[in-house]
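In what follows, a structure is listed as structure tokens, so that the remarks can point back to it.
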Amino acid sequence: MSRIDLHTHTHFSDGSESPTALVELAHQQDVSILAVTDHDTTEGLPEAMEAAQHLPVEIIPGIELSTEFQGRETHMLGYFIDLADPEFQTRLEQLRTTRVDRLHHILDRLHTLHVEVSLAEVEHVAGSGTIGRPHIAQILIEKGYVKGMKEAFDRFLGVRGAAYVRRMVPEAAEIMTWITDAGGIPILAHPYWEGLGADKTMASCQALVDQGLQGLEVFYGTFSARQISINLNLARKFDLLMTGGSDFHGALKPDISVGTGRGSLRVPPKLIDHLRQAAGR
């Protein structure tokens, strides 16, 4: 049975695989519908679409954008975006500058902790991709400061890490407008409501819907059955679209596979029909 994966990354952001390699790997994993959703860039999509012409894999043009919502960094997925929209590309370029600003601040904090990582090293690891914290983590691992990605984020780069720097990004309402202006469908990525309580969760979801949210990533590569159930109920209550994906990054998250996540991911085929209808496809 073929699979659907609507959340994957290439080396154009913080994944390890080229778009061509990702498409080929998806085919090997029986994925017939694949969304490439790199962070803050669409640069990998033309190559992915070209690679898919030679395989029975449909590419949905997507993206993952960082936003601010209720004081927390939140990620928004956009599907069926128009890659040629010049205003959208200008906005993406502006958003990428916030990553560079944050990078400088993180490197300064690491230096005060006697952890030496240079800008040149990060740029080398990132290559042509959009720079992200996983690239810094990779250097920390290579230099022996930490043993793995989890420790890098727990000790230094995560919200509670010693070198964490909050990224200044647009509010969720603005990012959703960017996506819809580019002809896309805004979907809340890996919705995480833990710690809010039932009433606050409901209110938060309502606020996002009021601002233009059209769906939730209900089926996610690392979600527990309980997390899926919570988001499934929210999607039904607010009549939202549902999507799902592995959040594949390749070597940077080696326990997550295309199409299956940590092994149990299964995205219902009917969800893609609803997504296409909403996008007018």
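Each chain of the structure tokens is named A, B, ... in the order shown, its residues numbered from 1; ligands are numbered from 1 in display order.
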Closest atom pairs, residues of region 145-249 of chain A within 12 Å of region 69-79 of chain A, only C-alpha atoms, as a Markdown table:
```
| residue | atom | partner | partner_atom | distance |
| --- | --- | --- | --- | --- |
| A:Gly158 | CA | A:Glu73 | CA | 11.7 |
| A:Val159 | CA | A:Glu73 | CA | 9.9 |
| A:Val165 | CA | A:Glu73 | CA | 11.4 |
| A:Arg166 | CA | A:Glu73 | CA | 8.1 |
| A:Arg167 | CA | A:Glu73 | CA | 7.8 |
| A:Met168 | CA | A:Glu73 | CA | 8.9 |
| A:Val169 | CA | A:Glu73 | CA | 8.1 |
| A:Pro170 | CA | A:Phe69 | CA | 8.9 |
| A:Glu171 | CA | A:Phe69 | CA | 6.0 |
| A:Ala172 | CA | A:Phe69 | CA | 5.6 |
| A:Ala173 | CA | A:Phe69 | CA | 8.5 |
| A:Glu174 | CA | A:Phe69 | CA | 10.5 |
| A:Ile175 | CA | A:Met76 | CA | 7.7 |
| A:Met176 | CA | A:Met76 | CA | 7.6 |
| A:Thr177 | CA | A:Gly78 | CA | 10.5 |
| A:Trp178 | CA | A:Gly78 | CA | 9.3 |
| A:Ile179 | CA | A:Gly78 | CA | 5.9 |
| A:Thr180 | CA | A:Gly78 | CA | 8.3 |
| A:Asp181 | CA | A:Gly78 | CA | 10.9 |
| A:Ala182 | CA | A:Gly78 | CA | 9.3 |
| A:Gly183 | CA | A:Tyr79 | CA | 8.6 |
| A:Gly184 | CA | A:Tyr79 | CA | 5.2 |
| A:Ile185 | CA | A:Tyr79 | CA | 5.1 |
| A:Pro186 | CA | A:Gly78 | CA | 4.7 |
| A:Ile187 | CA | A:Leu77 | CA | 5.0 |
| A:Leu188 | CA | A:Met76 | CA | 4.8 |
| A:Ala189 | CA | A:Met76 | CA | 5.3 |
| A:His190 | CA | A:His75 | CA | 7.8 |
| A:Pro191 | CA | A:Thr74 | CA | 8.5 |
| A:Tyr192 | CA | A:Thr74 | CA | 9.2 |
| A:Trp193 | CA | A:Thr74 | CA | 11.3 |
| A:Leu196 | CA | A:Gln70 | CA | 11.5 |
| A:Lys200 | CA | A:Gln70 | CA | 11.2 |
| A:Thr201 | CA | A:Gln70 | CA | 11.7 |
| A:Ala203 | CA | A:Gln70 | CA | 11.2 |
| A:Ser204 | CA | A:Gln70 | CA | 8.3 |
| A:Cys205 | CA | A:Phe69 | CA | 10.8 |
| A:Ala207 | CA | A:Phe69 | CA | 9.7 |
| A:Leu208 | CA | A:Phe69 | CA | 8.6 |
| A:Gln211 | CA | A:Phe69 | CA | 10.9 |
| A:Gly212 | CA | A:Met76 | CA | 11.6 |
| A:Leu213 | CA | A:Met76 | CA | 9.2 |
| A:Gln214 | CA | A:Gly78 | CA | 10.0 |
| A:Gly215 | CA | A:Leu77 | CA | 9.4 |
| A:Leu216 | CA | A:Leu77 | CA | 9.2 |
| A:Glu217 | CA | A:Leu77 | CA | 8.6 |
| A:Leu241 | CA | A:Tyr79 | CA | 11.6 |
| A:Met242 | CA | A:Leu77 | CA | 11.8 |
| A:Thr243 | CA | A:Leu77 | CA | 9.9 |
| A:Gly244 | CA | A:Leu77 | CA | 10.7 |
| A:Gly245 | CA | A:Leu77 | CA | 10.9 |
| A:Asp247 | CA | A:Leu77 | CA | 11.2 |
```
### strand (DSSP E or B) per DSSP on the backbone: members of region 87-274 of chain A, as a ChimeraX atom specification
/A:171,185-188,215-220,241-245,248,257,261
### Query
If you count only C-alpha atoms, which residues fall within 10 Å of region 93-102 of chain A, apart from same-chain ones fewer than 6 positions away, as an MDAnalysis selection string?
chainID A and resid 39:41 65:67 87 108 119 130:133 164:170
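For the pair CA of Glu142 (chain A) and CA of Val115 (chain A), the separation is 12.5 Å.
Counting only C-alpha atoms and comparing A:Leu271, A:Leu252, A:Ile139, A:Leu234, the residue that lies closest to Asp5 (chain A) is A:Leu271.
We find CA of Val36 (chain A) and CA of Thr8 (chain A) to be spaced 5.2 Å apart.
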### Task
Find the residues near Tyr145 (chain A): any atom within 12 Å, counting only C-alpha atoms, skip ones fewer than 4 places away on the same chain, and give them as a ChimeraX atom specification.
/A:110,113-117,136-141,149,151-153,155-156
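Each of A:Gly259, A:Pro134, A:Gly144, A:Gly195 was compared to His7 (chain A) using only C-alpha atoms, and A:Gly259 turns out to be the nearest.
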### Message
Give me, as a PyMOL selection string, all polymer residues having an atom no more than 8 Å from region 16-18 of chain A, counting only C-alpha atoms and skipping those fewer than 3 positions away in the same chain.
### Response
chain A and resi 9-12+21-22+44+249-252
### Message
Please return, as a count of residues only, all residues of region 145-190 of chain A that DSSP assigns to helix (DSSP H, G or I) on the basis of the backbone.
### Response
19
### Query
Near Ile33 (chain A), within 9 Å and counting only C-alpha atoms, which residues show up once chain neighbours fewer than 2 positions away are dropped, as JSON, numbers by chain?
{"A": [2, 3, 4, 5, 6, 26, 31, 35, 56, 57, 58, 59, 60, 272]}
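The smallest atom-to-atom distance between Ile63 (chain A) and any of A:Asp14, A:Glu50, A:Gly261, A:Ile81, using only C-alpha atoms, is found for A:Ile81.
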